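A.B. asks: One file is attached below, entry_18.cif, containing mmCIF, C-alpha atoms.
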data_protein
loop_
_atom_site.label_atom_id
_atom_site.label_comp_id
_atom_site.auth_asym_id
_atom_site.auth_seq_id
_atom_site.Cartn_x
_atom_site.Cartn_y
_atom_site.Cartn_z
CA MET A 179 -14.91 -8.90 329.42
CA SER A 180 -12.13 -7.81 327.05
CA SER A 181 -12.89 -6.70 323.49
CA PRO A 182 -11.95 -8.99 320.56
CA PRO A 183 -8.54 -8.15 319.06
CA VAL A 184 -8.50 -5.59 316.27
CA LEU A 185 -5.65 -5.13 313.79
CA ARG A 186 -4.73 -2.30 311.45
CA ILE A 187 -4.19 -3.89 308.04
CA THR A 188 -2.55 -2.36 304.98
CA GLU A 189 -3.36 -5.27 302.67
CA ILE A 190 -4.10 -8.99 302.48
CA PHE A 191 -3.19 -10.70 299.22
CA HIS A 192 -2.33 -14.02 297.57
CA SER A 193 0.97 -14.23 295.71
CA LEU A 194 4.14 -16.25 295.39
CA GLN A 195 6.53 -16.16 298.31
CA GLY A 196 9.47 -14.12 297.06
CA GLU A 197 12.03 -14.88 299.76
CA SER A 198 13.19 -17.40 302.38
CA THR A 199 13.39 -21.16 301.97
CA HIS A 200 9.74 -20.96 300.86
CA ALA A 201 10.58 -18.86 297.78
CA GLY A 202 8.33 -19.71 294.86
CA GLU A 203 5.53 -21.20 296.95
CA PRO A 204 1.98 -19.77 296.85
CA CYS A 205 1.42 -17.76 300.04
CA VAL A 206 -1.16 -15.48 301.63
CA PHE A 207 0.38 -12.25 302.92
CA ILE A 208 -1.08 -10.20 305.76
CA ARG A 209 0.62 -6.81 305.77
CA LEU A 210 0.10 -4.99 309.05
CA THR A 211 0.32 -1.20 309.17
CA GLY A 212 3.03 0.66 311.07
CA CYS A 213 6.76 0.37 311.70
CA PRO A 214 9.04 2.06 314.25
CA LEU A 215 12.05 1.72 311.94
CA ARG A 216 13.04 3.72 308.88
CA CYS A 217 15.50 1.62 306.87
CA THR A 218 17.28 3.54 304.10
CA TRP A 219 16.31 0.93 301.49
CA CYS A 220 12.73 0.29 302.69
CA ASP A 221 10.39 -0.81 299.87
CA THR A 222 7.12 -0.70 301.82
CA GLU A 223 6.91 2.87 303.08
CA TYR A 224 3.24 2.85 302.11
CA ALA A 225 2.65 0.53 305.09
CA PHE A 226 3.88 3.09 307.64
CA TYR A 227 0.53 4.86 307.91
CA GLY A 228 -3.16 4.44 307.14
CA GLY A 229 -4.53 0.96 306.81
CA THR A 230 -7.95 -0.38 307.77
CA GLU A 231 -9.03 -1.65 311.18
CA MET A 232 -10.17 -5.26 310.98
CA ALA A 233 -11.34 -7.70 313.62
CA LEU A 234 -9.09 -10.70 314.07
CA GLU A 235 -11.79 -13.13 312.92
CA THR A 236 -12.38 -11.06 309.77
CA VAL A 237 -8.68 -11.32 308.93
CA VAL A 238 -8.72 -15.09 309.47
CA GLU A 239 -11.86 -15.45 307.33
CA GLN A 240 -10.19 -13.59 304.47
CA VAL A 241 -7.10 -15.79 304.74
CA ARG A 242 -9.28 -18.92 304.64
CA SER A 243 -10.89 -17.71 301.40
CA TYR A 244 -7.64 -18.17 299.46
CA ARG A 245 -7.42 -21.90 300.25
CA CYS A 246 -3.67 -21.66 300.76
CA ARG A 247 -1.98 -23.18 303.79
CA LEU A 248 1.15 -20.96 303.81
CA VAL A 249 0.62 -17.55 305.44
CA GLU A 250 3.11 -14.76 306.11
CA ILE A 251 2.47 -11.93 308.56
CA THR A 252 4.60 -8.96 307.54
CA GLY A 253 4.65 -5.16 307.58
CA GLY A 254 5.87 -2.62 308.29
CA GLU A 255 6.86 -4.34 311.46
CA PRO A 256 4.04 -6.76 312.35
CA LEU A 257 5.04 -7.32 315.97
CA HIS A 258 4.65 -3.58 316.59
CA GLN A 259 0.91 -4.29 316.93
CA PRO A 260 0.10 -6.24 320.11
CA SER A 261 -2.85 -7.91 318.36
CA ALA A 262 -0.40 -9.62 316.01
CA PHE A 263 0.32 -12.22 318.69
CA PRO A 264 -3.27 -13.50 319.03
CA LEU A 265 -3.54 -13.45 315.22
CA ILE A 266 -0.51 -15.72 314.99
CA GLU A 267 -2.03 -18.05 317.57
CA ALA A 268 -5.37 -18.16 315.75
CA LEU A 269 -3.78 -19.00 312.40
CA CYS A 270 -1.56 -21.69 313.94
CA ALA A 271 -4.58 -23.19 315.71
CA GLU A 272 -6.29 -23.58 312.32
CA GLY A 273 -3.35 -25.50 310.94
CA PHE A 274 -1.83 -22.81 308.73
CA GLU A 275 1.93 -22.78 308.28
CA VAL A 276 2.68 -19.31 309.61
CA LEU A 277 5.76 -17.20 308.79
CA ILE A 278 6.58 -14.01 310.71
CA GLU A 279 8.74 -11.51 308.83
CA THR A 280 10.14 -9.27 311.57
CA SER A 281 12.81 -6.58 311.72
CA GLY A 282 14.46 -7.98 314.84
CA ALA A 283 13.82 -4.79 316.77
CA ILE A 284 10.96 -6.25 318.86
CA ASP A 285 11.17 -9.19 321.26
CA THR A 286 10.15 -12.37 319.44
CA SER A 287 9.77 -14.53 322.57
CA PRO A 288 5.95 -14.04 322.78
CA VAL A 289 5.48 -15.45 319.24
CA ASP A 290 3.55 -18.73 319.20
CA PRO A 291 6.20 -21.49 318.97
CA ARG A 292 4.26 -23.15 316.15
CA ALA A 293 5.07 -20.19 313.88
CA GLN A 294 8.33 -19.73 311.99
CA VAL A 295 10.23 -16.50 312.61
CA ILE A 296 12.19 -14.92 309.74
CA LEU A 297 14.44 -12.50 311.58
CA ASP A 298 15.82 -9.60 309.54
CA VAL A 299 19.12 -8.53 311.12
CA LYS A 300 19.66 -4.87 310.29
CA CYS A 301 23.07 -4.25 308.69
CA PRO A 302 24.83 -0.87 308.97
CA GLY A 303 23.64 0.19 305.51
CA SER A 304 20.04 0.09 306.71
CA GLY A 305 20.70 2.93 309.15
CA MET A 306 18.82 0.92 311.79
CA MET A 307 21.55 -1.31 313.22
CA ASP A 308 21.24 0.33 316.65
CA ARG A 309 17.55 -0.66 316.83
CA MET A 310 18.28 -4.39 316.87
CA ASN A 311 17.18 -6.44 319.87
CA TRP A 312 20.19 -8.74 320.00
CA GLU A 313 18.52 -11.10 322.45
CA ASN A 314 16.36 -12.25 319.54
CA LEU A 315 19.37 -14.01 318.01
CA GLY A 316 19.73 -16.03 321.18
CA GLN A 317 16.12 -17.21 320.75
CA VAL A 318 16.47 -18.46 317.16
CA ARG A 319 15.37 -22.08 316.71
CA LYS A 320 16.22 -24.60 313.98
CA LYS A 321 12.86 -23.97 312.27
CA ASP A 322 13.48 -20.19 312.11
CA GLN A 323 15.52 -18.24 309.55
CA VAL A 324 17.86 -15.27 309.84
CA LYS A 325 18.09 -12.77 306.98
CA PHE A 326 20.69 -10.10 306.17
CA VAL A 327 19.85 -7.48 303.53
CA ILE A 328 23.23 -6.35 302.20
CA LYS A 329 23.95 -3.00 300.60
CA ASP A 330 27.74 -3.09 300.13
CA ARG A 331 30.99 -4.76 301.17
CA ASN A 332 30.86 -3.19 304.62
CA ASP A 333 27.43 -4.75 305.21
CA TYR A 334 28.71 -8.11 303.97
CA ASP A 335 31.73 -8.12 306.28
CA TRP A 336 29.56 -7.04 309.20
CA ALA A 337 26.99 -9.77 308.47
CA LEU A 338 29.73 -12.38 308.26
CA GLU A 339 31.01 -11.34 311.69
CA VAL A 340 27.50 -11.61 313.20
CA VAL A 341 26.96 -15.03 311.59
CA ASN A 342 30.20 -16.30 313.11
CA ARG A 343 29.70 -14.66 316.52
CA TYR A 344 26.29 -16.27 317.01
CA GLY A 345 27.08 -19.55 315.24
CA LEU A 346 24.03 -19.02 313.07
CA VAL A 347 24.71 -21.46 310.24
CA GLU A 348 24.77 -24.31 312.77
CA ARG A 349 21.45 -23.20 314.25
CA CYS A 350 19.14 -22.30 311.35
CA PRO A 351 19.04 -21.33 307.66
CA VAL A 352 20.84 -18.02 307.00
CA LEU A 353 19.76 -15.84 304.08
CA PHE A 354 21.85 -13.17 302.33
CA SER A 355 19.92 -10.73 300.10
CA PRO A 356 21.29 -7.86 298.01
CA VAL A 357 19.50 -4.53 298.33
CA PHE A 358 17.39 -4.44 295.17
CA GLU A 359 19.11 -2.51 292.36
CA GLU A 360 21.88 -1.27 294.68
CA LEU A 361 24.29 -4.20 295.07
CA ASP A 362 25.36 -6.15 291.99
CA LEU A 363 24.01 -9.71 292.23
CA ARG A 364 27.17 -11.29 290.88
CA GLN A 365 29.31 -9.36 293.37
CA LEU A 366 27.43 -10.73 296.37
CA ALA A 367 27.44 -14.25 294.89
CA GLU A 368 31.21 -14.10 294.41
CA TRP A 369 31.85 -12.87 297.95
CA ILE A 370 29.83 -15.81 299.31
CA LEU A 371 31.69 -18.30 297.10
CA GLN A 372 35.12 -16.84 297.90
CA ASP A 373 34.47 -17.26 301.62
CA GLY A 374 32.84 -20.68 301.24
CA LEU A 375 29.97 -19.33 303.28
CA PRO A 376 27.15 -21.90 303.79
CA VAL A 377 24.31 -19.41 303.47
CA ARG A 378 21.42 -19.14 301.02
CA PHE A 379 21.80 -16.39 298.42
CA GLN A 380 18.34 -15.05 297.67
CA LEU A 381 16.60 -12.50 295.51
CA GLN A 382 13.24 -10.86 296.02
CA LEU A 383 11.66 -13.12 293.43
CA HIS A 384 8.39 -11.17 293.22
CA LYS A 385 10.26 -8.06 292.03
CA TYR A 386 11.47 -9.97 288.96
CA ILE A 387 7.98 -11.25 288.13
CA TRP A 388 5.92 -8.10 288.72
CA ASP A 389 6.60 -4.36 288.71
CA PRO A 390 8.61 -3.65 291.92
CA GLN A 391 6.37 -0.65 292.60
CA MET A 392 3.17 -2.71 292.58
CA ARG A 393 1.33 -3.47 295.79
CA GLY A 394 -0.27 -6.78 296.56
CA VAL A 395 2.30 -8.98 294.81
#
Let's see the structure in the file written out as C-alpha cells.
C.D. replies:
Amino acid sequence: MSSPPVLRITEIFHSLQGESTHAGEPCVFIRLTGCPLRCTWCDTEYAFYGGTEMALETVVEQVRSYRCRLVEITGGEPLHQPSAFPLIEALCAEGFEVLIETSGAIDTSPVDPRAQVILDVKCPGSGMMDRMNWENLGQVRKKDQVKFVIKDRNDYDWALEVVNRYGLVERCPVLFSPVFEELDLRQLAEWILQDGLPVRFQLQLHKYIWDPQMRGV
C-alpha cells in the first residue's frame, strides 16, 4: 500500500490575486518549495529551499479553512514536486477553482484538466529561455493563460514573435507583464498599443498594495 502524498510547503496564505484574468479576486495561495530555474528577476528566491513537509489532506484542510473557492498552486515551480498532481486533483474534486502558476519548464500534460494552467513563457531577459518545454504551448487550452514577463524591448519583440508563431491570442488569454521596477510601465503599454496587440497588460497588483518584500501577500 502506497503512502499518502506529502508536499514540501513554503507558505499557504489568503490574499488578493495579483495577476491573470483573476486579478483583484480573493484567492488562497499554496506556495510549494523548490524550483529548478533561476530567473534573473525572480521575486520568490525564499521558496527555493526549506519549507515544511505537509500531508496532502492537511494542505486541503488548511485551504478549506479560508472559505475561498479560488486557489492558486505556485512556487518556486509547483510541478517540480510530483505530489503537486494529486493535490491538484484533490482540490478540483472538492469544487475549488484551481490555478496552476508554472514556469513552462515542466510538462503540463499530467495536470488535471479541471484546473487552469497559467503558463509563464520565459523570455530571454529571464536567463532561462533554454529551459522552456515548448510542447507545453501546443497543449494550451482556451481556459488556460499564457504569460510573458518582459524586461526590455528585446524581450517584447521576442514575445511578440512567439505569440504569432503559436497563434496564442486566438487560443487563450495572453498576458504581458513588465519586470517590476525594471521596465517602465508606460513604455510597455505604448509598445502594445503601437502594435495593436490584443493582449492583456498586467501589473503585479499585490506589489502596489503591500510591501513587495513581504511574504504571504
A.B. asks: If you count all atoms listed in the file, which residues fall within 10 Å of Thr222 of chain A, apart from same-chain ones fewer than 5 positions away, as a VMD selection string?
C.D. replies: chain A and resid 209 213 253 to 254 391 393
A.B. asks: Taking the file above as input, evaluate the PyMOL selection byres ((chain A and resi 261) around 10) and report the hits as a list in words.
C.D. replies: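 Evaluating the PyMOL selection byres ((chain A and resi 261) around 10) on these coordinates yields Pro182, Pro183, Val184, Leu185, Arg186, Ala233, Leu234, Pro256, Leu257, His258, Gln259, Pro260, Ala262, Phe263, Pro264, Leu265 and Ile266 of chain A.
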A.B. asks: Which of these residues is nearest to Pro376 of chain A, using all atoms listed in the file: A:Leu346, A:Val276, A:Leu215, A:Met392?
C.D. replies: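 Between A:Leu346, A:Val276, A:Leu215, A:Met392, the residue approaching Pro376 of chain A most closely is A:Leu346.
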A.B. asks: Smallest atom-to-atom distance to Pro390 of chain A: which of A:Leu375, A:Val327, A:Asp221, A:Pro288, using all atoms listed in the file?
C.D. replies: A:Asp221
A.B. asks: Near Thr252 of chain A, within 8 Å and counting only C-alpha atoms, which residues show up once chain neighbours fewer than 2 positions away are dropped, as an mmCIF file with C-alpha atoms, in the frame of the given file?
C.D. replies:
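In the end it all went to selection32.cif:
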data_model
loop_
_atom_site.group_PDB
_atom_site.id
_atom_site.type_symbol
_atom_site.label_atom_id
_atom_site.label_comp_id
_atom_site.auth_asym_id
_atom_site.auth_seq_id
_atom_site.Cartn_x
_atom_site.Cartn_y
_atom_site.Cartn_z
ATOM 1 C CA PHE A 207 0.380 -12.250 302.920
ATOM 2 C CA ILE A 208 -1.080 -10.200 305.760
ATOM 3 C CA ARG A 209 0.620 -6.810 305.770
ATOM 4 C CA LEU A 210 0.100 -4.990 309.050
ATOM 5 C CA GLU A 250 3.110 -14.760 306.110
ATOM 6 C CA GLY A 254 5.870 -2.620 308.290
ATOM 7 C CA GLU A 255 6.860 -4.340 311.460
ATOM 8 C CA PRO A 256 4.040 -6.760 312.350
ATOM 9 C CA ILE A 278 6.580 -14.010 310.710
ATOM 10 C CA GLU A 279 8.740 -11.510 308.830
ATOM 11 C CA THR A 280 10.140 -9.270 311.570
#
A.B. asks: Applying 10 Å and only C-alpha atoms, which residues near Arg309 of chain A remain after dropping the ones on its own chain fewer than 4 positions away? List them as a short mmCIF file (atom, residue, chain, number, x, y, z; two decimals) with C-alpha atoms, in the frame of the given file.
C.D. replies:
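Saved result, selection.cif, follows:
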data_model
loop_
_atom_site.label_atom_id
_atom_site.label_comp_id
_atom_site.auth_asym_id
_atom_site.auth_seq_id
_atom_site.Cartn_x
_atom_site.Cartn_y
_atom_site.Cartn_z
CA PRO A 214 9.04 2.06 314.25
CA LEU A 215 12.05 1.72 311.94
CA SER A 281 12.81 -6.58 311.72
CA GLY A 282 14.46 -7.98 314.84
CA ALA A 283 13.82 -4.79 316.77
CA ILE A 284 10.96 -6.25 318.86
CA VAL A 299 19.12 -8.53 311.12
CA LYS A 300 19.66 -4.87 310.29
CA GLY A 305 20.70 2.93 309.15
#
A.B. asks: Between A:Asn332, A:Ala225, A:Phe274, A:Cys217, which is the closest to Val238 of chain A once you count all atoms listed in the file?
C.D. replies: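 Result for the nearest residue to Val238 of chain A: A:Phe274.
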A.B. asks: Which residues, written as a compact mmCIF listing (two decimals) with C-alpha atoms, in the frame of the given file, have at least one atom at most 12 Å from Arg242 of chain A, with only C-alpha atoms counted and residues fewer than 2 positions away on the same chain left out?
C.D. replies:
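Output file selection27.txt follows:
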# COMPACT_ATOMS: atom_id res chain seq x y z
CA ILE A 190 -4.10 -8.99 302.48
CA PHE A 191 -3.19 -10.70 299.22
CA HIS A 192 -2.33 -14.02 297.57
CA CYS A 205 1.42 -17.76 300.04
CA VAL A 206 -1.16 -15.48 301.63
CA PHE A 207 0.38 -12.25 302.92
CA GLU A 235 -11.79 -13.13 312.92
CA THR A 236 -12.38 -11.06 309.77
CA VAL A 237 -8.68 -11.32 308.93
CA VAL A 238 -8.72 -15.09 309.47
CA GLU A 239 -11.86 -15.45 307.33
CA GLN A 240 -10.19 -13.59 304.47
CA TYR A 244 -7.64 -18.17 299.46
CA ARG A 245 -7.42 -21.90 300.25
CA CYS A 246 -3.67 -21.66 300.76
CA ARG A 247 -1.98 -23.18 303.79
CA LEU A 248 1.15 -20.96 303.81
CA VAL A 249 0.62 -17.55 305.44
CA ALA A 268 -5.37 -18.16 315.75
CA LEU A 269 -3.78 -19.00 312.40
CA GLU A 272 -6.29 -23.58 312.32
CA GLY A 273 -3.35 -25.50 310.94
CA PHE A 274 -1.83 -22.81 308.73
A.B. asks: So that I can check the surroundings of segment 356-372 of chain A, please list as a PDB file with C-alpha atoms, in the coordinates of the input every protein, DNA and RNA residue that reaches within 8 Å of it, counting only C-alpha atoms and ignoring chain neighbours fewer than 4 positions away.
C.D. replies:
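Just written: result10.pdb:
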ATOM      1  CA  TRP A 219      16.310   0.930 301.490  1.00  0.00           C
ATOM      2  CA  VAL A 327      19.850  -7.480 303.530  1.00  0.00           C
ATOM      3  CA  ILE A 328      23.230  -6.350 302.200  1.00  0.00           C
ATOM      4  CA  LYS A 329      23.950  -3.000 300.600  1.00  0.00           C
ATOM      5  CA  ASP A 330      27.740  -3.090 300.130  1.00  0.00           C
ATOM      6  CA  VAL A 377      24.310 -19.410 303.470  1.00  0.00           C
ATOM      7  CA  PHE A 379      21.800 -16.390 298.420  1.00  0.00           C
ATOM      8  CA  GLN A 380      18.340 -15.050 297.670  1.00  0.00           C
ATOM      9  CA  LEU A 381      16.600 -12.500 295.510  1.00  0.00           C
ATOM     10  CA  GLN A 382      13.240 -10.860 296.020  1.00  0.00           C
TER      11      GLN A 382
END
A.B. asks: From the list A:Ile251, A:Val352, A:Met232, A:Leu297, which residue is nearest Gln195 of chain A when using all atoms listed in the file?
C.D. replies: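 Selected residue with least distance to Gln195 of chain A: A:Ile251.
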A.B. asks: Provide an axis-aligned box for all listed atoms of segment 346-363 of chain A, padding each side by 3 Å; report its centre and its edge lengths in Å to one decimal, as AutoDock Vina command-line options.
C.D. replies:
--center_x 21.4 --center_y -12.8 --center_z 303.1 --size_x 14.0 --size_y 29.0 --size_z 28.3
A.B. asks: Just give me the gap between atom CA of Ser198 of chain A and atom CA of Phe226 of chain A in Å, one decimal is fine.
C.D. replies: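 According to the coordinates, atom CA of Ser198 of chain A and atom CA of Phe226 of chain A are separated by 23.1 Å.
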